[in-house]
Amino acid sequence: MKQYLPKWIFASVAKHFDDRKQTLPLFIEGMVRQTNKETNWAEFRLDGPYLTEVSKGLHHVEIEVNVLVESATNTQDAYIYLKNVGIMVAAFTKKIKVFRLGDEPGDDGSLVGCLILKQEYREKLVISHFGETHPNEKQRQSQIEGHYEMYLNF
């Protein structure tokens, strides 16, 4: 399981966010991005998994999810970037199921476990607004970051 866990987690979490993007184009890290064709879009990336064996065979699994949202500044809707950020914030649900996704032996689509959004005192869903990051482009950028964890026996 350890060999396939990074792929299963990435594929499951990426699918989770893609299923919740509504009409906002979402690029998954590693895909070819053609953002020059879009004025409003988001990009999903994931760090981890970070694995800690807390007792014999029991592993604490942590991941960090980052979604970059870029929105065009326009005169019709001053809040378009906040609406797009809101769409992606809503995708950070309390639980994300991890399945054995893929096209290799062992990728049977069965449930591996469930990631839980960490929301303790020091862990929170963080929304950062960077504003217009390029002086010649009328695009605003924001980022949403959340941390998830689960425990698995293997």
# chains A, B, ... in the order shown; residues from 1 in each chain; ligands from 1
$ residues_around --residues "Tyr50 in chain A" --least-positions-apart "6" --cutoff "10 Å" --atoms "only C-alpha atoms" --output "list of chain:residue names"
A:Pro6, A:His59, A:His60, A:Val61, A:Glu62, A:Ile63, A:Glu64, A:Glu149
$ select_by_dssp --residues "range 16-145 of chain A" --states "helix (DSSP H, G or I)" --output "list in words"
His16, Phe17, Asp18, Asp19, Thr35, Asn36, Lys37, Ile80, Tyr81, Leu82, Lys83, Asn84, Val85, Gly86, Ile87, Met88, Val89, Ala90 and Ala91 of chain A
$ residues_around --residues "range 127-142 of chain A" --least-positions-apart "2" --cutoff "9 Å" --atoms "only C-alpha atoms" --output "PyMOL selection string"
chain A and resi 39-40+67-74+81-82+85+89+125+144-145
$ write_last_selection --atoms "C-alpha atoms" --output "PDB file, in the first residue's frame"
ATOM      1  CA  THR A  39      -9.480  34.969 -17.460  1.00  0.00           C
ATOM      2  CA  ASN A  40     -10.670  33.174 -14.321  1.00  0.00           C
ATOM      3  CA  VAL A  67      -5.414  26.077  -4.519  1.00  0.00           C
ATOM      4  CA  LEU A  68      -4.324  29.173  -6.409  1.00  0.00           C
ATOM      5  CA  VAL A  69      -7.189  31.259  -7.785  1.00  0.00           C
ATOM      6  CA  GLU A  70      -6.598  33.829 -10.501  1.00  0.00           C
ATOM      7  CA  SER A  71      -9.352  36.184 -11.610  1.00  0.00           C
ATOM      8  CA  ALA A  72      -9.497  39.018 -14.108  1.00  0.00           C
ATOM      9  CA  THR A  73     -10.203  42.475 -12.783  1.00  0.00           C
ATOM     10  CA  ASN A  74     -13.260  43.888 -14.522  1.00  0.00           C
ATOM     11  CA  TYR A  81     -12.261  37.128  -7.506  1.00  0.00           C
ATOM     12  CA  LEU A  82     -13.906  36.675  -4.092  1.00  0.00           C
ATOM     13  CA  VAL A  85     -12.202  32.081  -4.061  1.00  0.00           C
ATOM     14  CA  VAL A  89     -13.077  27.454  -0.262  1.00  0.00           C
ATOM     15  CA  LEU A 125      -8.039  27.046   6.472  1.00  0.00           C
ATOM     16  CA  ILE A 144      -6.391  28.787  -0.141  1.00  0.00           C
ATOM     17  CA  GLU A 145      -4.409  26.345   2.002  1.00  0.00           C
TER      18      GLU A 145
END
$ atom_distance --atom1 "CA of Glu43 in chain A" --atom2 "CA of Asp103 in chain A"
23.9 Å
$ atom_distance --atom1 "CA of Ala90 in chain A" --atom2 "CA of Gly48 in chain A"
21.7 Å
$ closest_residue --among "A:Ile9, A:Ile96, A:Gln143, A:Asp108" --to "Trp41 in chain A" --atoms "only C-alpha atoms"
A:Gln143
